[in-house]
Every structure is written in structure tokens, then in C-alpha cells.
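Worksheet: one structure, shown below.
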Amino acid sequence: MNILYPDYKNSILNVSHTILDYYQVNPRYDVIPELKKELDKNFKHICLILLDGMGTNILEKHLDENSFLRKNMIKKITSVFPPTTVAATNAVLTTNPPYQSGYLGWVQFFKKENTNHVVFLNKDFYDEQRTFQNTLRDMYLKQDLIYDYIKQKNNDVNTYELFPDFRPDGSKTFHQEMKKLLEITNKNEKNFTYAYWTYPDLLEHEVGIESEHIKTELEKLNSNLEEVSKKINDDTILIVIADHGLVDVTPIDLFKDEELIKLLLRMPSMEPRAANFFVKPFKKHKFKKMFLEKYGQYYQLLTKDELLYSGLIGQGEKHPLLDTFLGDFIAISISDKYFKFKEGKLFKAHHAGLLKGEMEVPLIVYHNKKRS
């Protein structure tokens with residue numbers, strides 16, 4: 001298996017800091033020289049488009065090298081760790097790595113609320129009947145976003161965000177979202193727009209990365225973006241990235257492993273390919289030995305300290321709740337396996353491990369000034 005670690009000099013986090021640099025916001029992380037060079041041409045409208053799950057592996061498999069997305073890819077970059085939507089999209093938006101942002105994965109343990117919490121859905125992962133008066137994400141993870149940093153230094157720049165229809169006033173189709181983007185770029189003002197779309201990720205989870213359905217979906221996304229590129233003015237730049245890629249996977253029913261589960265203080269959290277374990281007192285040695293015997297060929301097992309010191313989740317000012325979010329051990333998939341934490345849906349493809357297919361994403365840049 002081809003392992004790839006996050007490169008915090010050449011990642012989606014650095015895309016955000018290159019944009020901040022353009023807006024005269026002092027970047028706290030490295031800028032990407034190739035993107036900085038494109039932005040030096042000076043633009044009125046900057047559009048950052050994030051297509052969920054569009055790793056370079058599916059682009060190269062399903063799209064011709066002369067397609068809009070591939071021919072305008074200026075380089076390959078990495079996601080953050082874990083390469084998963086909660087951690088990665090929030091690295092882009094908060095301009096902080098997971099170490100600082102506190103965003104780690106789909107399910108995070110909130111000690112004060114005693115919940116393995118689905119961060120984006122504000123519900124308990126293991127007890128869906130449980131309700132919460134407040135949105136835990138807002139209570140514990142709220143912080144400045146890229147829009148705030150831009151506005152603090154640039155009173156004359158307006159900022160926008162575009163989302164699918166899971167948000168109020170969101171778009172039902174990507175075509176509709178791109179139509180809104182074009183309207184923003186036609187405004188007589190300076191602006192920055194972040195546009196997020198849930199595909200191809202949702203489809204990859206269902207059908208796997210090899211499916212012809214993925215090819216069809218990518219061709220549609222490619223066509224929509226090419227159409228946008230033909231309608232934008234010279235004062236507009238399109239920057240297209242993904243939060244992570246995916247790889248085809250096979251499940252391990254971890255929830256059925258009673259011998260291992262009984263060593264835990266609570267059920268696992270975080271991600272099926274980046275699993276977080278809180279172990280009972282005096283059982284850590286036994287857990288480690290048992291885990292490695294059963295799953296060591298599929299997963300790399302790190303202690304909390306090893307993860308923190310490794311730099312995998314980044315560095316900087318540690319989020320105040322990070323130590324409570326993380327358990328005693330984190331198991332990171334280095335194979336095609338993923339853990340099922342409970343009974344339920346099967347996935348054909350997934351992410352959050354250390355394989356190249358889930359870590360490597362494209363940096364795609366287009367503007368009309370390239371014609372001259």
C-alpha cells in the first residue's frame with residue numbers, strides 16, 4: 001500500500017494561507033509558490049471551490065488529461081490528517097490544522113457532555129434518541145474563519161459562501177451553485193467566495209472509486225466548471241481543491257469484538273480509518289498487545305502522545321479541548337480495511353487513513369489571463 005503523510009508546506013491548509021497572503025493577512029503557515037504566482041496577477045474576485053472527495057486518484061482514472069480539471073491542475077497537494085471532511089474543510093475555513101482547530105473527525109468525544117458526538121449533525125453517534133439543547137460545535141469549536149481574517153484587513157472586500165441545500169438557501173444542484181457563483185463574480189465589488197459541494201464523495205462511499213458512475217459524476221462536474229470558466233471575466237480566478245480523496249475499502253466488524261471492546265471506557269470515536277480509543281485504567285498494555293495481534297497488519301497504532309508529537313495533525317497553539325477529544329490510542333488504517341463501530345450502513349470507499357488515494361488532492365487554478 002502506498003502511504004502518504006500530510007505535507008503542511010504543501011496542503012489544503014497552505015492554499016488558505018496563500019489566499020490570506022494575497023489579502024495582506026500575515027500567513028501563519030507556508031504559502032504555495034505556484035498559487036502565489038497565479039494570484040500575483042491581481043484579481044477582483046477570488047473563488048475557492050471545494051469538491052468533497054475529489055482526490056487525484058479518481059481524476060487520473062476517470063478523466064482525460066485534456067479535461068478542464070486535469071489540464072488546469074498546477075500541482076498535487078495533500079490533505080491534512082485525518083483526511084476527512086470534518087478535519088479538512090475546517091482546516092481550510094479556520095486556516096488552522098486539526099491540532100489548533102480541534103476538528104478531528106465525524107465523531108468526537110465531548111467530555112463535558114459525555115457524548116460521542118456527530119459534529120456536523122449535532123447528535124450522539126451511538127444514541128440517536130438523545131437530544132441537545134445547544135449545538136456543541138458552536139459551544140466548543142467556534143473560532144474565526146477565513147472570511148473574518150480577510151475582512152479584518154480588507155474593509156472593501158465582501159465575502160460569500162455557497163453550500164448545497166442542507167444549508168438554508170443552499171443549492172439543489174452543482175450547476176445551480178455555480179450559477180450563483182457567476183452572479184457574485186459579476187458584482188461591481190471586490191469579493192472572496194468559498195463554494196462547497198458534497199460530490200463526488202457521497203457517490204464514492206456508495207459505489208466505490210472504480211465505478212462508471214464516478215466517471216459520469218466527474219464528467220458532469222468538469223463540464224459545469226468548464227462552463228463557468230468560459231463565462232468569467234479577466235478579473236476572476238477559480239481555485240478548485242478537494243478536502244480529501246477516497247480508497248476502496250472492506251469492513252471489519254469491530255463492534256462485534258467483545259474481547260477488545262470490554263477493555264474500553266467507551267465505544268470508539270473519530271473515524272472508521274482513524275479510530276480513537278479510550279482504554280480502561282491498567283488495561284492499556286493488554287489493549288495494545290491484543291489490538292496489534294488482531295489488527296496490526298491493517299492499522300498503525302499510536303499513543304496520544306505519539307500522535308501529538310508526530311506532527312500528523314499539525315502543530316501550533318493546541319486547541320484547549322484536544323487532549324480530551326483524543327483517547328489513549330489512535331489506530332490509523334494503512335490498508336484497505338475500515339472499522340465498523342456499530343451495526344449499519346456498509347461503505348464501498350472511505351477515507352481518513354494514510355493511503356495516497358485518500359491523502360493526495362489536486363490544486364486546480366483557472367483564469368482568463370492565462371490566455372494572454
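In the C-alpha cells, chains take letters A, B, ... by order of appearance, with residues numbered from 1 within each chain and ligands from 1 in the order shown.
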Using DSSP on the backbone, list every residue of range 130-299 of chain A that comes out as strand (DSSP E), and give them as a ChimeraX atom specification.
/A:157-162,190-197,236-241,247-248,250-252,269-271,274-277,299
Residues at most 10 Å from Asp336 in chain A, counting only C-alpha atoms, excluding those fewer than 2 positions away in the same chain, as a PyMOL selection string?
chain A and resi 1+247-251+273+298-299+333-334+338+349-351+353+355
Of A:His62, A:Lys112, A:Lys75, A:Arg137, the one sitting nearest Ile241 in chain A when using only C-alpha atoms is A:Lys75
Show me a table, sorted first by chain and then by increasing residue number, of the residues of range 251-329 of chain A having an atom at most 10 Å from range 8-24 of chain A, each with its shortest atom pair and the distance in Å to one decimal, counting only C-alpha atoms and written as JSON lines.
```
{"residue": "A:Gly311", "atom": "CA", "partner": "A:Tyr8", "partner_atom": "CA", "distance": 9.1}
{"residue": "A:Leu312", "atom": "CA", "partner": "A:Tyr8", "partner_atom": "CA", "distance": 9.1}
{"residue": "A:Ile313", "atom": "CA", "partner": "A:Tyr8", "partner_atom": "CA", "distance": 9.4}
{"residue": "A:Gly314", "atom": "CA", "partner": "A:Tyr8", "partner_atom": "CA", "distance": 7.2}
{"residue": "A:Gln315", "atom": "CA", "partner": "A:Tyr8", "partner_atom": "CA", "distance": 9.4}
```
Atoms to include: N, CA and C atoms. Write the selected residues as a JSON list (two decimals), in the first residue's frame.
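Now in again_14.json:
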```
[["chain", "number", "residue", "atom", "x", "y", "z"],
["A", 311, "GLY", "N", 3.33, 15.32, 14.62],
["A", 311, "GLY", "CA", 3.01, 16.41, 13.69],
["A", 311, "GLY", "C", 1.95, 16.03, 12.67],
["A", 312, "LEU", "N", 1.41, 14.83, 12.76],
["A", 312, "LEU", "CA", 0.39, 14.39, 11.79],
["A", 312, "LEU", "C", -0.81, 15.33, 11.75],
["A", 313, "ILE", "N", -1.26, 15.76, 12.92],
["A", 313, "ILE", "CA", -2.43, 16.65, 12.95],
["A", 313, "ILE", "C", -2.02, 18.12, 12.99],
["A", 314, "GLY", "N", -0.74, 18.38, 12.70],
["A", 314, "GLY", "CA", -0.24, 19.74, 12.66],
["A", 314, "GLY", "C", 0.39, 20.15, 13.98],
["A", 315, "GLN", "N", 0.73, 21.43, 14.04],
["A", 315, "GLN", "CA", 1.37, 21.98, 15.23],
["A", 315, "GLN", "C", 0.76, 23.36, 15.51]]
```
Tell me which protein, DNA and RNA residues are within 12 Å of Lys289 in chain A, counting only C-alpha atoms, leaving out same-chain ones fewer than 6 positions away, and put them as a PDB file with C-alpha atoms, in the first residue's frame.
```
ATOM      1  CA  LEU A 260     -11.392  -5.832  22.759  1.00  0.00           C
ATOM      2  CA  LEU A 263     -11.173  -3.068  27.583  1.00  0.00           C
ATOM      3  CA  LYS A 283      -5.676  -2.170  30.626  1.00  0.00           C
ATOM      4  CA  TYR A 295      -5.357  -5.682  13.582  1.00  0.00           C
ATOM      5  CA  GLY A 296      -1.683  -4.662  13.470  1.00  0.00           C
ATOM      6  CA  LEU A 301      -1.382   2.136  16.423  1.00  0.00           C
TER       7      LEU A 301
END
```
From the list A:Gly208, A:Lys230, A:His45, A:Gly55, which residue is nearest Glu189 in chain A when using only C-alpha atoms?
A:His45
All alpha helix (DSSP H) residues (DSSP, backbone) inside range 50-278 of chain A, as a ChimeraX atom specification
/A:56-62,68-71,85-94,98-101,136-140,146-153,174-185,201-207,212-231,258-261
What's the 10 Å shell around Val118 in chain A, counting only C-alpha atoms, without same-chain residues fewer than 6 positions away, as a PyMOL selection string?
chain A and resi 86+105-109+124-126+128+136-137+269-270
